[in-house]
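Heads up: the structure comes next, in structure tokens.
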Amino acid sequence: MTILDKRASLAGPGSSGTVTPFGAQVMSWAPDGEAPVLWMSPRAVLDGSVPVRGGIPVCLPWFGTGPGGAMRPSHGFARTTRWRMLDAEDAPESPGLASRSFRLDHAPVGEDVSAGLFPHRFHALLRVSVTDELVLSLTVVNDDDHAVRIEEALHTYFAVGDVKDVTIDGLEGSDYLDAVRDDGRRRTQVGELALVGPTDRIYRSAAALVLHDPRRRRAITIDKDSSASTIVWNPWAEGAAELSDLGPHDWQDFVCVEVGNVRDDAVSLSPGEEHTLILILHVDPMA
Ligand SMILES: O=P(O)(O)OC[C@H]1O[C@H](O)[C@H](O)[C@@H](O)[C@@H]1O
């Protein structure tokens with residue numbers, strides 16, 4: 001059995017997709033008549049043993065190796081944990097389910113922080129809904145008796161005609177950390193972003209973005225709320241060679257544009273406090 005056997009279909013007025021409780025991960029989505037908007041690696045491992053390379057992984061409660069650089073697994077345990085699918089909220093007469101919600105409960109186990117455990121009690125809710133847009137809403141609630149700092153990201157893999165041809169608008173003037181140069185320096189984005197080599201940047205930006213894909217003749221609007229970080233990633237040929245779930249040419253077919261709150265913009269939650277991050281995707285033909 002693979003995690004695909006458990007996936008749920010979503011059908012809204014104008015678009016459809018699928019989502020699996022494993023990581024509460026959106027696996028596919030496209031407006032009616034459109035080519036897939038989300039990329040899924042042909043070599044993605046779907047047996048639940050490792051994260052799925054594609055769709056929209058949920059990074060939580062840390063990003064990468066976390067603020068101190070020592071946390072494992074990469075991007076937190078939420079994307080390799082099975083979330084509980086909540087009962088459907090749609091009206092019984094609706095033709096198909098247009099939304100699904102998932103819940104993750106976390107209580108600390110043991111005291112061994114060095115082993116990558118997260119010694120804080122919280123729960124998270126992810127609601128995925130489709131109209132002619134795809135809307136993800138990730139709520140994290142601090143159930144502990146002390147303040148908790150959480151990193152989070154919705155790590156969307158966008159299917160593109162050729163990553164070398166796309167441009168990303170909306171980051172102009174924003175500061176970023178460049179993990180490829182790895183020198184801790186803050187740089188400032190000048191003009192739109194075009195990818196010309198391995199790219200791994202954390203931007204401090206709350207702005208909406210537009211991903212222009214001239215080969216597919218479409219523009220994807222990436223709108224967000226309560227997100228102070230945008231991450232852009234593509235490993236290029238050299239980085240892809242180190243990833244067993246990417247074929248040698250697959251890197252050209254996607255770009256990750258991730259919305260969230262990471263590093264200096266991690267979310268601090270007081271006891272009982274909650275925070276909701278929102279992502280909205282919309283596709284238009286390119287003018
Ligand atoms: O291979 P993964 O753990 O899924 O991470 C894939 C990528 O995710 C993000 O974009 C990070 O900024 C990158 O540093 C990382 O390489």
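By order of appearance in the structure tokens: chains A, B, ..., then residues from 1 within every chain, and ligands from 1 in the order shown.
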Close residues to ligand 1 using only C-alpha atoms and all ligand atoms, limit 6 Å, as an MDAnalysis selection string: chainID A and resid 64 74 200 233
Residues as selected, all heavy atoms, written as a CSV table (one decimal), in the first residue's frame, can you do that?
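Saved the output as result-v9.csv:
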chain,number,residue,atom,x,y,z
A,64,GLY,N,14.2,23.4,7.4
A,64,GLY,CA,15.5,22.9,7.1
A,64,GLY,C,16.0,22.2,8.4
A,64,GLY,O,15.4,21.3,8.9
A,74,SER,N,15.0,17.0,8.4
A,74,SER,CA,14.9,18.2,7.6
A,74,SER,C,13.5,18.7,7.5
A,74,SER,O,12.6,17.9,7.2
A,74,SER,CB,15.5,18.0,6.2
A,74,SER,OG,15.3,19.1,5.4
A,200,ASP,N,18.9,29.0,-3.6
A,200,ASP,CA,18.3,28.6,-2.3
A,200,ASP,C,18.3,29.9,-1.4
A,200,ASP,O,19.3,30.1,-0.7
A,200,ASP,CB,19.1,27.5,-1.6
A,200,ASP,CG,18.5,26.9,-0.4
A,200,ASP,OD1,17.4,27.3,0.0
A,200,ASP,OD2,19.0,25.9,0.2
A,233,TRP,N,13.8,27.9,-4.2
A,233,TRP,CA,14.8,26.8,-4.3
A,233,TRP,C,14.7,26.1,-5.6
A,233,TRP,O,13.6,25.8,-6.1
A,233,TRP,CB,14.5,25.8,-3.1
A,233,TRP,CG,15.4,24.7,-3.2
A,233,TRP,CD1,16.8,24.7,-2.9
A,233,TRP,CD2,15.1,23.3,-3.4
A,233,TRP,NE1,17.3,23.4,-3.0
A,233,TRP,CE2,16.3,22.5,-3.3
A,233,TRP,CE3,13.9,22.6,-3.7
A,233,TRP,CZ2,16.3,21.1,-3.5
A,233,TRP,CZ3,13.9,21.2,-3.9
A,233,TRP,CH2,15.1,20.5,-3.8
Spatial neighbours of Leu177 in chain A, 7 Å, only C-alpha atoms, chain gap at least 3 places, as a PyMOL selection string: chain A and resi 184-187+201-203
All strand (DSSP E or B) positions in range 26-246 of chain A, as a PyMOL selection string: chain A and resi 26-31+38+40+54+56+58-59+82+84-85+99-106+122-130+134-142+148-150+152-159+167-169+175-178+186-188+193-194+199-204+209-213+218-225+229-234
Residue contacts of range 277-286 of chain A (6 Å, only C-alpha atoms) excluding same-chain residues fewer than 5 positions away, as a list in words: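 Final neighbour list, sorted by chain and number: Glu133, Leu134, Val135, Leu136, Ser137, Leu138, Arg217, Arg218, Ala219, Ile220, Thr221, Ile222, Asp223, Lys224, Asp225 and Ser226 of chain A.
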Would you put the residues from that selection into a file with N, CA and C atoms, as a compact mmCIF listing (two decimals), in the first residue's frame?
# COMPACT_ATOMS: atom_id res chain seq x y z
N GLU A 133 -9.46 28.66 -7.38
CA GLU A 133 -8.17 28.86 -6.74
C GLU A 133 -7.90 27.68 -5.79
N LEU A 134 -6.64 27.58 -5.37
CA LEU A 134 -6.29 26.63 -4.30
C LEU A 134 -5.96 27.45 -3.06
N VAL A 135 -6.59 27.12 -1.94
CA VAL A 135 -6.38 27.88 -0.71
C VAL A 135 -5.93 26.92 0.39
N LEU A 136 -4.77 27.22 0.99
CA LEU A 136 -4.30 26.44 2.14
C LEU A 136 -4.25 27.37 3.35
N SER A 137 -4.75 26.86 4.46
CA SER A 137 -4.73 27.66 5.68
C SER A 137 -4.16 26.78 6.79
N LEU A 138 -3.00 27.19 7.29
CA LEU A 138 -2.30 26.39 8.31
C LEU A 138 -2.35 27.14 9.64
N ARG A 217 2.89 29.60 -21.07
CA ARG A 217 2.06 30.78 -21.33
C ARG A 217 1.05 31.02 -20.21
N ARG A 218 1.57 30.95 -18.98
CA ARG A 218 0.68 31.24 -17.87
C ARG A 218 1.43 31.98 -16.76
N ALA A 219 0.64 32.66 -15.94
CA ALA A 219 1.18 33.39 -14.78
C ALA A 219 0.45 32.86 -13.55
N ILE A 220 1.23 32.43 -12.57
CA ILE A 220 0.63 31.90 -11.34
C ILE A 220 0.79 32.96 -10.25
N THR A 221 -0.32 33.41 -9.71
CA THR A 221 -0.27 34.36 -8.60
C THR A 221 -0.18 33.58 -7.30
N ILE A 222 0.81 33.94 -6.50
CA ILE A 222 1.03 33.29 -5.20
C ILE A 222 0.73 34.34 -4.14
N ASP A 223 -0.48 34.29 -3.63
CA ASP A 223 -0.89 35.28 -2.64
C ASP A 223 -0.70 34.67 -1.26
N LYS A 224 -0.41 35.50 -0.28
CA LYS A 224 -0.20 34.93 1.05
C LYS A 224 -0.62 35.92 2.12
N ASP A 225 -0.88 35.37 3.31
CA ASP A 225 -1.24 36.21 4.44
C ASP A 225 -0.52 35.70 5.68
N SER A 226 -0.11 36.61 6.55
CA SER A 226 0.61 36.26 7.78
C SER A 226 1.87 35.45 7.49
In range 98-282 of chain A, DSSP helix (DSSP H, G or I) residues written as a PyMOL selection string: chain A and resi 113-115+163-165+236-240+250-253+263-265
Emit the selected residues as a short mmCIF file (atom, residue, chain, number, x, y, z; two decimals), in the first residue's frame, including C-alpha atoms.
data_model
loop_
_atom_site.label_atom_id
_atom_site.label_comp_id
_atom_site.auth_asym_id
_atom_site.auth_seq_id
_atom_site.Cartn_x
_atom_site.Cartn_y
_atom_site.Cartn_z
CA VAL A 113 16.22 17.63 22.70
CA SER A 114 19.51 16.75 21.00
CA ALA A 115 17.79 13.89 19.20
CA VAL A 163 13.07 26.75 -14.81
CA LYS A 164 15.68 28.72 -16.79
CA ASP A 165 12.91 30.74 -18.46
CA TRP A 236 20.13 22.80 -10.57
CA ALA A 237 21.96 19.83 -12.12
CA GLU A 238 24.71 19.67 -9.49
CA GLY A 239 22.40 19.67 -6.48
CA ALA A 240 19.92 17.31 -8.13
CA ASP A 250 13.92 16.75 -13.47
CA TRP A 251 15.32 19.94 -11.92
CA GLN A 252 14.41 21.87 -15.08
CA ASP A 253 10.73 21.08 -14.65
CA ARG A 263 14.57 32.08 10.89
CA ASP A 264 14.25 35.68 12.21
CA ASP A 265 10.58 35.61 11.27
#
Pick from A:Arg103, A:Ala147, A:Tyr157, A:Asp132, whichever lies nearest to Val259 in chain A using only C-alpha atoms: A:Tyr157
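Pairwise distance (CA of Leu211 in chain A, CA of Val257 in chain A) equals 8.8 Å.
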Nearest to Asp143 in chain A by atom-to-atom distance, counting only C-alpha atoms, from A:Pro21, A:Pro31, A:Gly173, A:Pro108: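 For Asp143 in chain A, the nearest of the candidates is A:Pro108.
For the set A:Pro214, A:Pro248, A:Gly76, A:Gly17, the residue with the smallest atom-to-atom gap to Glu151 in chain A is A:Gly76, counting only C-alpha atoms.
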Using only C-alpha atoms: which of A:Val140, A:Val128, A:Ala11, A:Leu104 has the shortest distance to Val26 in chain A: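 For Val26 in chain A, the nearest of the given residues is A:Val128.
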Pairwise distance for CA of Ser41 in chain A and CA of Val160 in chain A, rounded to one decimal in Å: 12.6 Å
Counting only C-alpha atoms, the option among A:Leu38, A:Val52, A:Val267, A:Ala30 closest to Asp245 in chain A: A:Val52
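Using only C-alpha atoms, the nearest neighbour of Glu192 in chain A within the list A:Ser205, A:Asp169, A:Thr2, A:Glu152 is A:Asp169.
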Point-to-point distance in Å for CA of Leu209 in chain A and CA of Glu273 in chain A: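 Separating CA of Glu273 in chain A from CA of Leu209 in chain A is a distance of 28.5 Å.
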Spatial neighbours of range 98-102 of chain A, 6 Å, only C-alpha atoms, chain gap at least 6 places, as a PyMOL selection string: chain A and resi 10-12+83-86+125-130
Could you write out the selected residues, including all heavy atoms, as an mmCIF file, in the first residue's frame?
data_model
loop_
_atom_site.group_PDB
_atom_site.id
_atom_site.type_symbol
_atom_site.label_atom_id
_atom_site.label_comp_id
_atom_site.auth_asym_id
_atom_site.auth_seq_id
_atom_site.Cartn_x
_atom_site.Cartn_y
_atom_site.Cartn_z
ATOM 1 N N LEU A 10 -10.392 16.401 -4.260
ATOM 2 C CA LEU A 10 -11.081 17.676 -4.032
ATOM 3 C C LEU A 10 -11.596 18.152 -5.381
ATOM 4 O O LEU A 10 -10.860 18.108 -6.368
ATOM 5 C CB LEU A 10 -10.107 18.724 -3.496
ATOM 6 C CG LEU A 10 -9.559 18.514 -2.091
ATOM 7 C CD1 LEU A 10 -8.453 19.529 -1.822
ATOM 8 C CD2 LEU A 10 -10.676 18.669 -1.075
ATOM 9 N N ALA A 11 -12.836 18.575 -5.419
ATOM 10 C CA ALA A 11 -13.376 19.104 -6.665
ATOM 11 C C ALA A 11 -14.181 20.349 -6.350
ATOM 12 O O ALA A 11 -15.155 20.293 -5.597
ATOM 13 C CB ALA A 11 -14.256 18.056 -7.345
ATOM 14 N N GLY A 12 -13.739 21.466 -6.892
ATOM 15 C CA GLY A 12 -14.455 22.710 -6.641
ATOM 16 C C GLY A 12 -15.023 23.243 -7.936
ATOM 17 O O GLY A 12 -14.838 22.628 -8.980
ATOM 18 N N TRP A 83 -1.375 12.902 9.412
ATOM 19 C CA TRP A 83 -2.313 13.797 10.078
ATOM 20 C C TRP A 83 -3.699 13.132 10.086
ATOM 21 O O TRP A 83 -3.976 12.259 9.261
ATOM 22 C CB TRP A 83 -2.408 15.142 9.356
ATOM 23 C CG TRP A 83 -1.149 15.971 9.314
ATOM 24 C CD1 TRP A 83 0.132 15.533 9.070
ATOM 25 C CD2 TRP A 83 -1.047 17.388 9.502
ATOM 26 N NE1 TRP A 83 1.013 16.607 9.101
ATOM 27 C CE2 TRP A 83 0.315 17.750 9.356
ATOM 28 C CE3 TRP A 83 -1.979 18.403 9.765
ATOM 29 C CZ2 TRP A 83 0.770 19.074 9.471
ATOM 30 C CZ3 TRP A 83 -1.530 19.712 9.878
ATOM 31 C CH2 TRP A 83 -0.178 20.043 9.741
ATOM 32 N N ARG A 84 -4.527 13.535 11.009
ATOM 33 C CA ARG A 84 -5.889 12.979 11.084
ATOM 34 C C ARG A 84 -6.799 13.781 10.150
ATOM 35 O O ARG A 84 -6.866 15.003 10.232
ATOM 36 C CB ARG A 84 -6.392 13.080 12.531
ATOM 37 C CG ARG A 84 -7.721 12.447 12.789
ATOM 38 C CD ARG A 84 -7.851 12.080 14.254
ATOM 39 N NE ARG A 84 -7.632 13.202 15.157
ATOM 40 C CZ ARG A 84 -8.586 14.043 15.557
ATOM 41 N NH1 ARG A 84 -9.825 13.893 15.127
ATOM 42 N NH2 ARG A 84 -8.302 15.027 16.393
ATOM 43 N N MET A 85 -7.456 13.066 9.245
ATOM 44 C CA MET A 85 -8.385 13.751 8.331
ATOM 45 C C MET A 85 -9.687 13.987 9.078
ATOM 46 O O MET A 85 -10.282 13.048 9.611
ATOM 47 C CB MET A 85 -8.616 12.916 7.072
ATOM 48 C CG MET A 85 -9.499 13.612 6.071
ATOM 49 S SD MET A 85 -9.076 13.230 4.345
ATOM 50 C CE MET A 85 -9.320 11.485 4.266
ATOM 51 N N LEU A 86 -10.130 15.226 9.126
ATOM 52 C CA LEU A 86 -11.351 15.553 9.861
ATOM 53 C C LEU A 86 -12.558 15.320 8.966
ATOM 54 O O LEU A 86 -12.447 15.241 7.737
ATOM 55 C CB LEU A 86 -11.301 17.002 10.348
ATOM 56 C CG LEU A 86 -10.062 17.334 11.201
ATOM 57 C CD1 LEU A 86 -10.083 18.791 11.652
ATOM 58 C CD2 LEU A 86 -9.984 16.416 12.430
ATOM 59 N N LEU A 125 -3.669 22.652 12.364
ATOM 60 C CA LEU A 125 -4.787 22.322 11.477
ATOM 61 C C LEU A 125 -4.442 22.829 10.094
ATOM 62 O O LEU A 125 -4.006 23.981 9.943
ATOM 63 C CB LEU A 125 -6.073 23.011 11.947
ATOM 64 C CG LEU A 125 -6.609 22.559 13.306
ATOM 65 C CD1 LEU A 125 -7.598 23.574 13.855
ATOM 66 C CD2 LEU A 125 -7.273 21.183 13.174
ATOM 67 N N LEU A 126 -4.600 21.974 9.098
ATOM 68 C CA LEU A 126 -4.405 22.423 7.722
ATOM 69 C C LEU A 126 -5.716 22.245 6.981
ATOM 70 O O LEU A 126 -6.259 21.140 6.920
ATOM 71 C CB LEU A 126 -3.316 21.623 7.009
ATOM 72 C CG LEU A 126 -3.064 22.163 5.595
ATOM 73 C CD1 LEU A 126 -2.187 23.410 5.621
ATOM 74 C CD2 LEU A 126 -2.439 21.119 4.689
ATOM 75 N N ARG A 127 -6.220 23.351 6.441
ATOM 76 C CA ARG A 127 -7.446 23.275 5.642
ATOM 77 C C ARG A 127 -7.070 23.544 4.198
ATOM 78 O O ARG A 127 -6.395 24.535 3.895
ATOM 79 C CB ARG A 127 -8.467 24.308 6.136
ATOM 80 C CG ARG A 127 -9.791 24.227 5.430
ATOM 81 C CD ARG A 127 -10.865 25.004 6.209
ATOM 82 N NE ARG A 127 -12.186 24.622 5.781
ATOM 83 C CZ ARG A 127 -12.863 25.272 4.827
ATOM 84 N NH1 ARG A 127 -12.341 26.334 4.256
ATOM 85 N NH2 ARG A 127 -14.064 24.849 4.473
ATOM 86 N N VAL A 128 -7.498 22.639 3.322
ATOM 87 C CA VAL A 128 -7.215 22.776 1.891
ATOM 88 C C VAL A 128 -8.542 22.957 1.188
ATOM 89 O O VAL A 128 -9.440 22.118 1.340
ATOM 90 C CB VAL A 128 -6.529 21.504 1.339
ATOM 91 C CG1 VAL A 128 -6.177 21.680 -0.135
ATOM 92 C CG2 VAL A 128 -5.301 21.153 2.162
ATOM 93 N N SER A 129 -8.728 24.030 0.443
ATOM 94 C CA SER A 129 -9.987 24.174 -0.287
ATOM 95 C C SER A 129 -9.736 24.627 -1.713
ATOM 96 O O SER A 129 -8.736 25.308 -2.002
ATOM 97 C CB SER A 129 -10.967 25.134 0.400
ATOM 98 O OG SER A 129 -10.328 25.981 1.274
ATOM 99 N N VAL A 130 -10.668 24.232 -2.584
ATOM 100 C CA VAL A 130 -10.542 24.591 -3.995
ATOM 101 C C VAL A 130 -11.804 25.298 -4.472
ATOM 102 O O VAL A 130 -12.926 24.902 -4.131
ATOM 103 C CB VAL A 130 -10.271 23.354 -4.883
ATOM 104 C CG1 VAL A 130 -8.907 22.752 -4.576
ATOM 105 C CG2 VAL A 130 -11.344 22.297 -4.751
#
